[in-house]
Amino acid sequence: MEQTMVAKKFKVEIVYNGVTKPFEVQPHEQVQAVLKQAIASFSITQNPHLLSLFREDGSEVPDHSSIEGAGIQPGERLALRPSSVKAG
């Protein structure tokens, strides 16, 4: 019997300006890709390059790591907001 690796997708919630939307992510997916997907989903056109994802404790999720590498868990709620680091 051959066993194939199945990517385990899971849902997270992303909040922007009081609106919450569900997103399906995969552990190997890059945070940057999810960030771009969220920006497009919320139709953000002004300064999208300044936005980052944040945990409920206020810590910023690193853009250049995988979902798994960033420690994002199924059902986690993330906020999409401007990054003070990117803004300078």
# chains A, B, ... in the order shown; residues from 1 in each chain; ligands from 1
>>> residues_around(residues="Ala79 in chain A", least_positions_apart="6", cutoff="10 Å", atoms="only C-alpha atoms", output="PyMOL selection string")
chain A and resi 13-20+51-56+58+60-61
>>> write_last_selection(atoms="N, CA and C atoms", output="PDB file, in the first residue's frame")
ATOM      1  N   GLU A  13      -8.298  32.814  10.921  1.00  0.00           N
ATOM      2  CA  GLU A  13      -9.136  33.988  10.690  1.00  0.00           C
ATOM      3  C   GLU A  13      -8.231  35.209  10.624  1.00  0.00           C
ATOM      4  N   ILE A  14      -8.524  36.080   9.665  1.00  0.00           N
ATOM      5  CA  ILE A  14      -7.765  37.331   9.566  1.00  0.00           C
ATOM      6  C   ILE A  14      -8.760  38.476   9.706  1.00  0.00           C
ATOM      7  N   VAL A  15      -8.420  39.409  10.588  1.00  0.00           N
ATOM      8  CA  VAL A  15      -9.284  40.548  10.894  1.00  0.00           C
ATOM      9  C   VAL A  15      -8.659  41.817  10.337  1.00  0.00           C
ATOM     10  N   TYR A  16      -9.470  42.600   9.637  1.00  0.00           N
ATOM     11  CA  TYR A  16      -9.017  43.896   9.127  1.00  0.00           C
ATOM     12  C   TYR A  16     -10.147  44.899   9.313  1.00  0.00           C
ATOM     13  N   ASN A  17      -9.886  45.988  10.009  1.00  0.00           N
ATOM     14  CA  ASN A  17     -10.888  47.037  10.273  1.00  0.00           C
ATOM     15  C   ASN A  17     -12.207  46.473  10.792  1.00  0.00           C
ATOM     16  N   GLY A  18     -12.135  45.517  11.693  1.00  0.00           N
ATOM     17  CA  GLY A  18     -13.330  44.966  12.324  1.00  0.00           C
ATOM     18  C   GLY A  18     -14.036  43.876  11.521  1.00  0.00           C
ATOM     19  N   VAL A  19     -13.538  43.574  10.315  1.00  0.00           N
ATOM     20  CA  VAL A  19     -14.128  42.529   9.482  1.00  0.00           C
ATOM     21  C   VAL A  19     -13.253  41.280   9.585  1.00  0.00           C
ATOM     22  N   THR A  20     -13.880  40.129   9.858  1.00  0.00           N
ATOM     23  CA  THR A  20     -13.146  38.864   9.984  1.00  0.00           C
ATOM     24  C   THR A  20     -13.461  37.973   8.800  1.00  0.00           C
ATOM     25  N   LEU A  51       1.667  46.599   5.231  1.00  0.00           N
ATOM     26  CA  LEU A  51       0.868  45.746   6.106  1.00  0.00           C
ATOM     27  C   LEU A  51       1.576  44.456   6.502  1.00  0.00           C
ATOM     28  N   SER A  52       1.234  43.976   7.684  1.00  0.00           N
ATOM     29  CA  SER A  52       1.749  42.703   8.198  1.00  0.00           C
ATOM     30  C   SER A  52       0.631  42.006   8.961  1.00  0.00           C
ATOM     31  N   LEU A  53       0.872  40.741   9.279  1.00  0.00           N
ATOM     32  CA  LEU A  53      -0.062  39.986  10.110  1.00  0.00           C
ATOM     33  C   LEU A  53       0.444  39.999  11.554  1.00  0.00           C
ATOM     34  N   PHE A  54      -0.486  40.111  12.491  1.00  0.00           N
ATOM     35  CA  PHE A  54      -0.146  40.163  13.909  1.00  0.00           C
ATOM     36  C   PHE A  54      -0.971  39.148  14.680  1.00  0.00           C
ATOM     37  N   ARG A  55      -0.361  38.578  15.712  1.00  0.00           N
ATOM     38  CA  ARG A  55      -1.077  37.664  16.604  1.00  0.00           C
ATOM     39  C   ARG A  55      -1.916  38.481  17.579  1.00  0.00           C
ATOM     40  N   GLU A  56      -2.784  37.783  18.303  1.00  0.00           N
ATOM     41  CA  GLU A  56      -3.655  38.474  19.266  1.00  0.00           C
ATOM     42  C   GLU A  56      -2.857  39.117  20.393  1.00  0.00           C
ATOM     43  N   GLY A  58      -0.277  40.767  19.945  1.00  0.00           N
ATOM     44  CA  GLY A  58       0.356  41.962  19.392  1.00  0.00           C
ATOM     45  C   GLY A  58       1.681  41.717  18.705  1.00  0.00           C
ATOM     46  N   GLU A  60       4.259  40.551  15.873  1.00  0.00           N
ATOM     47  CA  GLU A  60       4.196  40.512  14.417  1.00  0.00           C
ATOM     48  C   GLU A  60       4.634  39.141  13.904  1.00  0.00           C
ATOM     49  N   VAL A  61       3.895  38.618  12.925  1.00  0.00           N
ATOM     50  CA  VAL A  61       4.245  37.340  12.298  1.00  0.00           C
ATOM     51  C   VAL A  61       5.313  37.641  11.239  1.00  0.00           C
TER      52      VAL A  61
END
>>> residues_around(residues="range 8-10 of chain A", least_positions_apart="3", cutoff="12 Å", atoms="only C-alpha atoms", output="list of chain:residue names")
A:Met5, A:Glu13, A:Pro22, A:Phe23, A:Glu24, A:Val25, A:Gln26, A:Pro27, A:His28, A:Glu29, A:Ile67, A:Glu68, A:Ile72, A:Gln73, A:Pro74, A:Gly75, A:Glu76
>>> write_last_selection(atoms="C-alpha atoms", output="PDB file, in the first residue's frame")
ATOM      1  CA  MET A   5       1.745  12.918   1.697  1.00  0.00           C
ATOM      2  CA  GLU A  13      -9.136  33.988  10.690  1.00  0.00           C
ATOM      3  CA  PRO A  22     -11.582  32.826   7.089  1.00  0.00           C
ATOM      4  CA  PHE A  23      -8.496  31.752   5.135  1.00  0.00           C
ATOM      5  CA  GLU A  24      -7.317  28.256   4.334  1.00  0.00           C
ATOM      6  CA  VAL A  25      -3.555  27.842   4.762  1.00  0.00           C
ATOM      7  CA  GLN A  26      -1.015  25.038   4.562  1.00  0.00           C
ATOM      8  CA  PRO A  27       1.914  24.515   6.955  1.00  0.00           C
ATOM      9  CA  HIS A  28       4.532  24.846   4.177  1.00  0.00           C
ATOM     10  CA  GLU A  29       2.921  27.998   2.727  1.00  0.00           C
ATOM     11  CA  ILE A  67       3.068  29.189   8.369  1.00  0.00           C
ATOM     12  CA  GLU A  68       4.485  26.274  10.361  1.00  0.00           C
ATOM     13  CA  ILE A  72       0.566  29.650  13.372  1.00  0.00           C
ATOM     14  CA  GLN A  73      -2.017  27.178  14.672  1.00  0.00           C
ATOM     15  CA  PRO A  74      -5.374  26.018  13.238  1.00  0.00           C
ATOM     16  CA  GLY A  75      -8.162  28.417  14.182  1.00  0.00           C
ATOM     17  CA  GLU A  76      -5.749  31.189  15.130  1.00  0.00           C
TER      18      GLU A  76
END
>>> select_by_dssp(residues="range 3-85 of chain A", states="strand (DSSP E)", output="ChimeraX atom specification")
/A:10-16,19-25,51-54,77-82
>>> select_by_dssp(residues="chain A", states="helix (DSSP H, G or I)", output="JSON, numbers by chain")
{"A": [31, 32, 33, 34, 35, 36, 37, 38, 39, 40, 41, 48, 49, 50, 84, 85, 86, 87]}
>>> write_last_selection(atoms="C-alpha atoms", output="short mmCIF file (atom, residue, chain, number, x, y, z; two decimals), in the first residue's frame")
data_model
loop_
_atom_site.label_atom_id
_atom_site.label_comp_id
_atom_site.auth_asym_id
_atom_site.auth_seq_id
_atom_site.Cartn_x
_atom_site.Cartn_y
_atom_site.Cartn_z
CA VAL A 31 3.40 33.92 5.39
CA GLN A 32 4.06 36.44 2.58
CA ALA A 33 1.67 34.51 0.28
CA VAL A 34 -1.10 34.49 2.91
CA LEU A 35 -0.50 38.20 3.53
CA LYS A 36 -0.91 38.96 -0.20
CA GLN A 37 -4.07 36.84 -0.31
CA ALA A 38 -5.52 38.73 2.67
CA ILE A 39 -4.67 42.14 1.15
CA ALA A 40 -6.43 41.13 -2.08
CA SER A 41 -9.43 39.68 -0.22
CA PRO A 48 -0.43 47.38 0.99
CA HIS A 49 3.36 46.98 1.24
CA LEU A 50 3.22 48.44 4.77
CA SER A 84 5.83 49.86 12.39
CA VAL A 85 8.94 48.07 11.12
CA LYS A 86 7.98 48.42 7.46
CA ALA A 87 6.83 52.01 7.94
#
>>> atom_distance(atom1="CA of Ser65 in chain A", atom2="CA of Gln46 in chain A")
24.5 Å
>>> closest_residue(among="A:Ser66, A:Gln30, A:Lys21, A:Lys11", to="Leu80 in chain A", atoms="only C-alpha atoms")
A:Lys21
>>> decode(residues="range 20-43 of chain A", atoms="N, CA and C atoms", output="PDB file, in the first residue's frame")
ATOM      1  N   THR A  20     -13.880  40.129   9.858  1.00  0.00           N
ATOM      2  CA  THR A  20     -13.146  38.864   9.984  1.00  0.00           C
ATOM      3  C   THR A  20     -13.461  37.973   8.800  1.00  0.00           C
ATOM      4  N   LYS A  21     -12.410  37.424   8.182  1.00  0.00           N
ATOM      5  CA  LYS A  21     -12.592  36.495   7.068  1.00  0.00           C
ATOM      6  C   LYS A  21     -11.777  35.232   7.328  1.00  0.00           C
ATOM      7  N   PRO A  22     -12.336  34.074   6.945  1.00  0.00           N
ATOM      8  CA  PRO A  22     -11.582  32.826   7.089  1.00  0.00           C
ATOM      9  C   PRO A  22     -10.630  32.623   5.908  1.00  0.00           C
ATOM     10  N   PHE A  23      -9.472  32.067   6.177  1.00  0.00           N
ATOM     11  CA  PHE A  23      -8.496  31.752   5.135  1.00  0.00           C
ATOM     12  C   PHE A  23      -8.004  30.335   5.353  1.00  0.00           C
ATOM     13  N   GLU A  24      -7.843  29.612   4.263  1.00  0.00           N
ATOM     14  CA  GLU A  24      -7.317  28.256   4.334  1.00  0.00           C
ATOM     15  C   GLU A  24      -5.824  28.331   4.027  1.00  0.00           C
ATOM     16  N   VAL A  25      -5.011  27.791   4.924  1.00  0.00           N
ATOM     17  CA  VAL A  25      -3.555  27.842   4.762  1.00  0.00           C
ATOM     18  C   VAL A  25      -2.971  26.434   4.883  1.00  0.00           C
ATOM     19  N   GLN A  26      -1.730  26.301   4.433  1.00  0.00           N
ATOM     20  CA  GLN A  26      -1.015  25.038   4.562  1.00  0.00           C
ATOM     21  C   GLN A  26       0.276  25.292   5.337  1.00  0.00           C
ATOM     22  N   PRO A  27       0.717  24.324   6.124  1.00  0.00           N
ATOM     23  CA  PRO A  27       1.914  24.515   6.955  1.00  0.00           C
ATOM     24  C   PRO A  27       3.146  24.984   6.187  1.00  0.00           C
ATOM     25  N   HIS A  28       3.329  24.483   4.945  1.00  0.00           N
ATOM     26  CA  HIS A  28       4.532  24.846   4.177  1.00  0.00           C
ATOM     27  C   HIS A  28       4.393  26.192   3.459  1.00  0.00           C
ATOM     28  N   GLU A  29       3.184  26.745   3.443  1.00  0.00           N
ATOM     29  CA  GLU A  29       2.921  27.998   2.727  1.00  0.00           C
ATOM     30  C   GLU A  29       3.667  29.166   3.378  1.00  0.00           C
ATOM     31  N   GLN A  30       4.131  30.092   2.553  1.00  0.00           N
ATOM     32  CA  GLN A  30       4.839  31.246   3.073  1.00  0.00           C
ATOM     33  C   GLN A  30       3.859  32.268   3.646  1.00  0.00           C
ATOM     34  N   VAL A  31       4.226  32.878   4.760  1.00  0.00           N
ATOM     35  CA  VAL A  31       3.403  33.917   5.395  1.00  0.00           C
ATOM     36  C   VAL A  31       3.148  35.040   4.386  1.00  0.00           C
ATOM     37  N   GLN A  32       4.166  35.384   3.589  1.00  0.00           N
ATOM     38  CA  GLN A  32       4.056  36.443   2.584  1.00  0.00           C
ATOM     39  C   GLN A  32       2.904  36.156   1.607  1.00  0.00           C
ATOM     40  N   ALA A  33       2.737  34.887   1.206  1.00  0.00           N
ATOM     41  CA  ALA A  33       1.672  34.507   0.276  1.00  0.00           C
ATOM     42  C   ALA A  33       0.290  34.695   0.915  1.00  0.00           C
ATOM     43  N   VAL A  34       0.176  34.328   2.186  1.00  0.00           N
ATOM     44  CA  VAL A  34      -1.096  34.490   2.908  1.00  0.00           C
ATOM     45  C   VAL A  34      -1.393  35.980   3.090  1.00  0.00           C
ATOM     46  N   LEU A  35      -0.364  36.749   3.372  1.00  0.00           N
ATOM     47  CA  LEU A  35      -0.500  38.198   3.530  1.00  0.00           C
ATOM     48  C   LEU A  35      -1.029  38.822   2.236  1.00  0.00           C
ATOM     49  N   LYS A  36      -0.460  38.433   1.098  1.00  0.00           N
ATOM     50  CA  LYS A  36      -0.910  38.956  -0.203  1.00  0.00           C
ATOM     51  C   LYS A  36      -2.355  38.554  -0.474  1.00  0.00           C
ATOM     52  N   GLN A  37      -2.707  37.335  -0.130  1.00  0.00           N
ATOM     53  CA  GLN A  37      -4.072  36.838  -0.314  1.00  0.00           C
ATOM     54  C   GLN A  37      -5.049  37.657   0.533  1.00  0.00           C
ATOM     55  N   ALA A  38      -4.670  37.948   1.767  1.00  0.00           N
ATOM     56  CA  ALA A  38      -5.524  38.732   2.668  1.00  0.00           C
ATOM     57  C   ALA A  38      -5.696  40.159   2.148  1.00  0.00           C
ATOM     58  N   ILE A  39      -4.614  40.771   1.693  1.00  0.00           N
ATOM     59  CA  ILE A  39      -4.671  42.141   1.154  1.00  0.00           C
ATOM     60  C   ILE A  39      -5.620  42.189  -0.034  1.00  0.00           C
ATOM     61  N   ALA A  40      -5.541  41.184  -0.918  1.00  0.00           N
ATOM     62  CA  ALA A  40      -6.429  41.127  -2.080  1.00  0.00           C
ATOM     63  C   ALA A  40      -7.877  40.896  -1.648  1.00  0.00           C
ATOM     64  N   SER A  41      -8.082  40.017  -0.678  1.00  0.00           N
ATOM     65  CA  SER A  41      -9.425  39.675  -0.218  1.00  0.00           C
ATOM     66  C   SER A  41     -10.134  40.875   0.404  1.00  0.00           C
ATOM     67  N   PHE A  42      -9.379  41.697   1.122  1.00  0.00           N
ATOM     68  CA  PHE A  42      -9.966  42.886   1.757  1.00  0.00           C
ATOM     69  C   PHE A  42      -9.938  44.101   0.817  1.00  0.00           C
ATOM     70  N   SER A  43      -9.482  43.904  -0.423  1.00  0.00           N
ATOM     71  CA  SER A  43      -9.425  44.966  -1.442  1.00  0.00           C
ATOM     72  C   SER A  43      -8.664  46.199  -0.971  1.00  0.00           C
TER      73      SER A  43
END
